[in-house]
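K.L.:
Structure provided below as structure tokens; questions to follow.
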Amino acid sequence: MFFLAFLITISTLPVQANAFIYTNATNNADTYLSQEQANISFGASGYLGVYGSGARMAAIMNWTLPGGSGDITGITLNMYCNKWDSFPGTPVELYALDEEFNESEATWNNRKPLVNRTIYGVPSPDGSTLLDEVTVDKEGIYTWVIRRKGIKDDLDSLTWNKSIILALVLPNETGWAGIQCYSRENPVTYYRPYIIVANERVSTPSVANITTYKAGKTSALIISNSDVAALTRINYGTNISNLDRWSEYDTAAAGPSHNILSSLSPDTTYYYSFNVYNYIDTNIHYSMNSSGFTFTTKGNTAVEPVPLVTFVFDDGLKTTYTRAFPVLNNFSFPGVTAAISSAAAGNSSRYMNWTELQTLQNVYNWEIASHSATHPDLRSLDNARLDYELNESKNALRSHGLNVYNFVSPYGSYNTRTEARIMKYYDSDRSTSSLFIPPDSEYPLAAKNIWNTTTLDEAKAWVDEAVNNNSRLIFVFHNIGDYMGQDAGEWTEGEWTTDNLTGLASYIESKGKLRVVTIREAQTMSFDYRGIYASTAAKDLTNKIYPDGNIDYSKTVSGHKRVNMTILPSSDYINITILDWSSSSGYYKVWNESSRNASVSAYHLIGDFPADTPVLIKKNGQNWKTLTSNAAGFVTFVYGDGYDAFQFEAAVPQLQPTLQPGPQKIPWGLSEIAAVAAMLAVSGLFLIIRRNK
């Protein structure tokens, strides 16, 4: 295998001009043979298998070169490949054969002797020609050279419109290792096999404008430009002298290349080198190192691990507005809908219109995510169309006042090429892939798909798993009906009923550790178990407060207001239920307190009052104390007169006529100051007055 490697600075790189590159060779047939499945035809498979001795496989293909003129200087076979069990330790060899084969009948038992000899690495000198061998050690695009002018002249007779039979084999691989590459039948058209025929000189590409375009918590995007059609790959790591990880290849036949780095650690500095490979022959490449090639990932926003649940409704269907939204709103839960911009603009009875999307966002705190412009499988698009789908949708949604930050891939389909382009425009991508996705991944986010066969008990079990693991759970819904099959012509596999959704929301509400959030809230907000939350008119919430400041909640606090209050018991826990909390007008506040321990005392810090203003505190309807708020609008006191169950009220008397002024302000004595100091010392807490969710 011919190989050139260069370490060059950008300023000294030669500028190479493209001549012409043909990628329209015809793949007439491709299949693979498997020793373990001797009589099965794989001609219709979406993959081509090449495997070692554990389960011998060989891939064969029939190609016809395109029509053209001039001198052919290079011919390469290009395949998108991944491991089968594990990557092989020996090179994958490419042979030219001199026999035809029938795609639908080419089984192991029907193979010709020539193919048999090729599989075992003993090709006949008269019947086959070894063209190239390539080590495949990571998912991505690989190039085998069929012909290169002046170096591989074995196939000088291979000219325009001629056909060639090729075979990929692993003759020297022992054990259970191999690769599977996309075939011509694979639905992801962008990564189907292709042959490149060119009349340009195979030259080392040059690159300019290497940029760390964006760094998230666990992902980063590197964008660059090459002077010729090229493939790019990033070598990266946390030790500048030992870059031990590699990105997948990105194809830049035209325009900039986009390389996404995944599974990174938050708040960590990474270094990288840049590698660019000639599109015609990936054996020709250079790598560039620089101390300036570095980035630092974002840190986590979470104060402590709190399990999060997100409801996502794909496609922006009208039933999300008419059926799903009322269910969640009954629990004061937000949701996310992924809108197809062209559908929202079409005034269809099936999809939400702009006004309905705006209402969900502006009135009910829902998040609107992009679901592309026209809902294609992004993997099948070329880069220009892919950019259009991503950018057009975002611009259309934002032009109608929708704050779009995140993306949802149509059909849940993705690969590294689509994720890299999505990262250019959005802060995350949500998928529905059944493949394992790391829990902290951003491109894509992992999710659980709700099908018409998903039972309520299954969904509840996923909730329990999130609670037990302090993890994030994203539910994906489509059509919601009052009963299955309610909407004629709707996609039945993605249906779920309002009764099931109500049952799931009710179960989530009962989990005090959970938070129900949008995707954006999960990205930007911090969560803890220290805030005190108020009940609503319809739903009581009890805060069980421990001496260390941690709080257990009787149900999820999502949909409940966090109040400006801190309470620290001296020993044992106390229960607090906020019944009313006003931060304006009369500043009236009512809450119940109780404890199983009559001897406990508790420090109280109560906010949301005007500065330097008398505040009347009542206990069980009787005037108890009048305190003066400080410059920040807080009053403080210690209650230690014996706990059972009682009610406190607090208000500014001159603004709350129903409350009569109480006795003269009672200043703190030494015993009260000492009690507060002791409690703070035991808990080790620094009281930070802040608002978060």
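Going through the structure tokens in order, the chains are called A, B, and so on, while each chain numbers its residues from 1 and the ligands are numbered from 1 in the order shown.
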Excluding Ala167 of chain A and any residue of its chain fewer than 6 positions from it, enumerate the residues within 6 Å of it, using only C-alpha atoms, and give them as a list in words.
P.N.:
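Near neighbours after the sequence-gap exclusion: Ala59, Ile60, Leu94 and Tyr95 of chain A.
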K.L.:
Keeping only all heavy atoms, write the selected residues to a file as a compact mmCIF listing (two decimals), in the first residue's frame.
P.N.:
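The resulting again.txt:
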```txt
# COMPACT_ATOMS: atom_id res chain seq x y z
N ALA A 59 -16.98 -10.54 0.33
CA ALA A 59 -17.88 -9.68 -0.43
C ALA A 59 -17.43 -9.63 -1.87
O ALA A 59 -16.22 -9.53 -2.15
CB ALA A 59 -17.90 -8.28 0.17
N ILE A 60 -18.38 -9.69 -2.80
CA ILE A 60 -18.06 -9.58 -4.22
C ILE A 60 -18.97 -8.54 -4.86
O ILE A 60 -20.12 -8.37 -4.46
CB ILE A 60 -18.16 -10.93 -4.96
CG1 ILE A 60 -19.50 -11.60 -4.66
CG2 ILE A 60 -17.02 -11.83 -4.58
CD1 ILE A 60 -19.69 -12.91 -5.41
N LEU A 94 -8.28 -6.47 -1.32
CA LEU A 94 -9.15 -6.29 -2.48
C LEU A 94 -8.54 -6.99 -3.68
O LEU A 94 -7.37 -6.77 -4.02
CB LEU A 94 -9.31 -4.80 -2.79
CG LEU A 94 -10.13 -4.48 -4.06
CD1 LEU A 94 -11.59 -4.84 -3.86
CD2 LEU A 94 -9.99 -3.00 -4.44
N TYR A 95 -9.35 -7.84 -4.34
CA TYR A 95 -8.91 -8.58 -5.53
C TYR A 95 -9.79 -8.23 -6.71
O TYR A 95 -10.98 -7.94 -6.56
CB TYR A 95 -9.00 -10.08 -5.29
CG TYR A 95 -7.91 -10.62 -4.38
CD1 TYR A 95 -8.08 -10.63 -3.00
CD2 TYR A 95 -6.73 -11.13 -4.92
CE1 TYR A 95 -7.08 -11.11 -2.17
CE2 TYR A 95 -5.74 -11.62 -4.09
CZ TYR A 95 -5.91 -11.61 -2.72
OH TYR A 95 -4.92 -12.09 -1.91
```
K.L.:
Can you pull out every residue from segment 272-506 of chain A that DSSP, working from the backbone, puts in strand (DSSP E or B), and format the result as a PyMOL selection string?
P.N.:
chain A and resi 272-278+284-288+294-296+308-315+317+336-339+351+367-370+407-408+429-430+445+448-449+472-477+479-481+495-497
K.L.:
Could you please take those selected residues and save C-alpha atoms as a CSV table (one decimal), in the first residue's frame?
P.N.:
```
chain,number,residue,atom,x,y,z
A,272,TYR,CA,-6.2,17.4,18.8
A,273,SER,CA,-4.3,17.0,15.5
A,274,PHE,CA,-6.0,17.3,12.1
A,275,ASN,CA,-5.7,14.7,9.4
A,276,VAL,CA,-6.9,15.1,5.8
A,277,TYR,CA,-6.9,12.4,3.2
A,278,ASN,CA,-7.2,12.7,-0.6
A,284,ILE,CA,-2.4,10.1,0.5
A,285,HIS,CA,-2.8,12.4,3.5
A,286,TYR,CA,-1.1,14.7,5.9
A,287,SER,CA,-1.6,15.4,9.6
A,288,MET,CA,-1.1,18.7,11.3
A,294,THR,CA,-7.4,22.7,21.8
A,295,PHE,CA,-10.8,23.3,23.4
A,296,THR,CA,-12.5,22.9,26.8
A,308,LEU,CA,-35.2,14.3,35.0
A,309,VAL,CA,-38.1,13.3,32.8
A,310,THR,CA,-39.0,15.0,29.5
A,311,PHE,CA,-42.2,14.5,27.4
A,312,VAL,CA,-41.4,14.9,23.6
A,313,PHE,CA,-44.2,14.8,21.0
A,314,ASP,CA,-42.8,14.4,17.5
A,315,ASP,CA,-44.1,16.0,14.3
A,317,LEU,CA,-49.4,17.0,15.4
A,336,VAL,CA,-41.6,19.5,24.0
A,337,THR,CA,-43.1,19.3,20.5
A,338,ALA,CA,-40.8,18.8,17.5
A,339,ALA,CA,-42.3,20.8,14.7
A,351,TYR,CA,-50.5,19.8,12.3
A,367,GLU,CA,-40.3,24.0,24.2
A,368,ILE,CA,-40.5,24.0,20.4
A,369,ALA,CA,-37.8,21.9,18.8
A,370,SER,CA,-37.0,21.7,15.1
A,407,PHE,CA,-33.3,19.3,17.1
A,408,VAL,CA,-35.2,16.0,16.7
A,429,ASP,CA,-30.3,16.1,18.7
A,430,ARG,CA,-32.8,13.6,20.1
A,445,LEU,CA,-29.8,12.3,23.2
A,448,LYS,CA,-37.5,5.8,24.9
A,449,ASN,CA,-40.1,5.4,22.1
A,472,ARG,CA,-32.4,11.4,32.5
A,473,LEU,CA,-35.4,9.9,30.8
A,474,ILE,CA,-36.9,11.2,27.5
A,475,PHE,CA,-40.2,9.9,26.4
A,476,VAL,CA,-41.1,10.1,22.7
A,477,PHE,CA,-44.7,10.2,21.6
A,479,ASN,CA,-50.3,10.6,18.0
A,480,ILE,CA,-52.4,10.7,21.2
A,481,GLY,CA,-55.9,9.5,20.9
A,495,GLU,CA,-50.4,5.8,18.9
A,496,TRP,CA,-51.0,6.0,22.7
A,497,THR,CA,-54.1,6.9,24.6
```
K.L.:
Tell me which protein, DNA and RNA residues are within 8 Å of Leu568 of chain A, counting only C-alpha atoms, leaving out same-chain ones fewer than 6 positions away, and put them as a ChimeraX atom specification.
P.N.:
/A:545-549,602-604,679
K.L.:
Take the residues from that selection and put them in a file with N, CA, C and O atoms, as a compact mmCIF listing (two decimals), in the first residue's frame.
P.N.:
```txt
# COMPACT_ATOMS: atom_id res chain seq x y z
N ILE A 545 -38.09 18.69 55.73
CA ILE A 545 -36.79 19.35 55.82
C ILE A 545 -35.97 18.73 56.94
O ILE A 545 -36.44 18.62 58.08
N TYR A 546 -34.72 18.37 56.62
CA TYR A 546 -33.81 17.73 57.57
C TYR A 546 -32.79 18.75 58.08
O TYR A 546 -32.56 19.79 57.45
N PRO A 547 -32.15 18.45 59.22
CA PRO A 547 -31.18 19.40 59.79
C PRO A 547 -30.02 19.74 58.86
O PRO A 547 -29.43 20.81 59.00
N ASP A 548 -29.66 18.85 57.92
CA ASP A 548 -28.56 19.16 57.01
C ASP A 548 -29.00 20.02 55.82
O ASP A 548 -28.20 20.32 54.93
N GLY A 549 -30.26 20.40 55.77
CA GLY A 549 -30.76 21.26 54.70
C GLY A 549 -31.37 20.52 53.54
O GLY A 549 -32.01 21.13 52.68
N ALA A 602 -36.34 25.59 65.13
CA ALA A 602 -36.05 25.78 63.70
C ALA A 602 -35.76 27.23 63.39
O ALA A 602 -36.49 28.14 63.81
N TYR A 603 -34.68 27.42 62.65
CA TYR A 603 -34.30 28.75 62.14
C TYR A 603 -35.10 29.02 60.87
O TYR A 603 -35.24 28.17 59.99
N HIS A 604 -35.66 30.23 60.75
CA HIS A 604 -36.48 30.63 59.62
C HIS A 604 -35.87 31.86 58.96
O HIS A 604 -35.53 32.84 59.64
N MET A 679 -26.94 25.73 64.95
CA MET A 679 -27.55 24.98 63.85
C MET A 679 -26.76 25.12 62.56
O MET A 679 -26.56 24.17 61.81
```
K.L.:
Please report, as a list in words, each residue of segment 144-380 of chain A to which DSSP assigns alpha helix (DSSP H) when run on this structure's backbone.
P.N.:
Lys318, Thr319, Phe325, Pro326, Val327, Leu328, Asn329, Asn330, Ser341, Ser342, Ala343, Ala344, Trp354, Thr355, Glu356, Leu357, Gln358, Thr359, Leu360, Gln361, Asn362, Val363 and Tyr364 of chain A
K.L.:
Could those selected residues go to a file with C-alpha atoms, as a PDB file, in the first residue's frame?
P.N.:
```
ATOM      1  CA  LYS A 318     -52.655  18.761  16.155  1.00  0.00           C
ATOM      2  CA  THR A 319     -53.489  16.015  18.661  1.00  0.00           C
ATOM      3  CA  PHE A 325     -51.290  19.223  26.170  1.00  0.00           C
ATOM      4  CA  PRO A 326     -54.505  19.251  28.295  1.00  0.00           C
ATOM      5  CA  VAL A 327     -53.348  16.081  30.080  1.00  0.00           C
ATOM      6  CA  LEU A 328     -49.921  17.493  30.953  1.00  0.00           C
ATOM      7  CA  ASN A 329     -51.366  20.893  31.821  1.00  0.00           C
ATOM      8  CA  ASN A 330     -53.579  19.250  34.451  1.00  0.00           C
ATOM      9  CA  SER A 341     -41.570  23.905   9.680  1.00  0.00           C
ATOM     10  CA  SER A 342     -43.238  23.299   6.321  1.00  0.00           C
ATOM     11  CA  ALA A 343     -46.138  21.515   8.058  1.00  0.00           C
ATOM     12  CA  ALA A 344     -46.646  24.362  10.533  1.00  0.00           C
ATOM     13  CA  TRP A 354     -47.999  28.970  14.249  1.00  0.00           C
ATOM     14  CA  THR A 355     -50.490  30.365  16.748  1.00  0.00           C
ATOM     15  CA  GLU A 356     -50.863  27.049  18.562  1.00  0.00           C
ATOM     16  CA  LEU A 357     -47.100  26.549  18.741  1.00  0.00           C
ATOM     17  CA  GLN A 358     -46.684  30.094  20.064  1.00  0.00           C
ATOM     18  CA  THR A 359     -49.358  29.484  22.714  1.00  0.00           C
ATOM     19  CA  LEU A 360     -47.633  26.354  23.982  1.00  0.00           C
ATOM     20  CA  GLN A 361     -44.335  28.219  24.259  1.00  0.00           C
ATOM     21  CA  ASN A 362     -45.395  31.631  25.508  1.00  0.00           C
ATOM     22  CA  VAL A 363     -48.297  30.714  27.800  1.00  0.00           C
ATOM     23  CA  TYR A 364     -47.501  27.210  29.020  1.00  0.00           C
TER      24      TYR A 364
END
```
K.L.:
For segment 469-471 of chain A, list every protein, DNA or RNA residue within 12 Å, evaluated using only C-alpha atoms, and leave out those in the same chain fewer than 3 positions away; present the list as an NGL selection string.
P.N.:
:A and (302 or 304-310 or 438-440 or 446-447 or 462-466 or 474 or 513-515 or 522 or 527-528)
K.L.:
So which one's closest to Ser571 of chain A, A:Tyr643, A:Tyr483, A:Trp63, A:Tyr388? Using only C-alpha atoms, please.
P.N.:
A:Tyr643
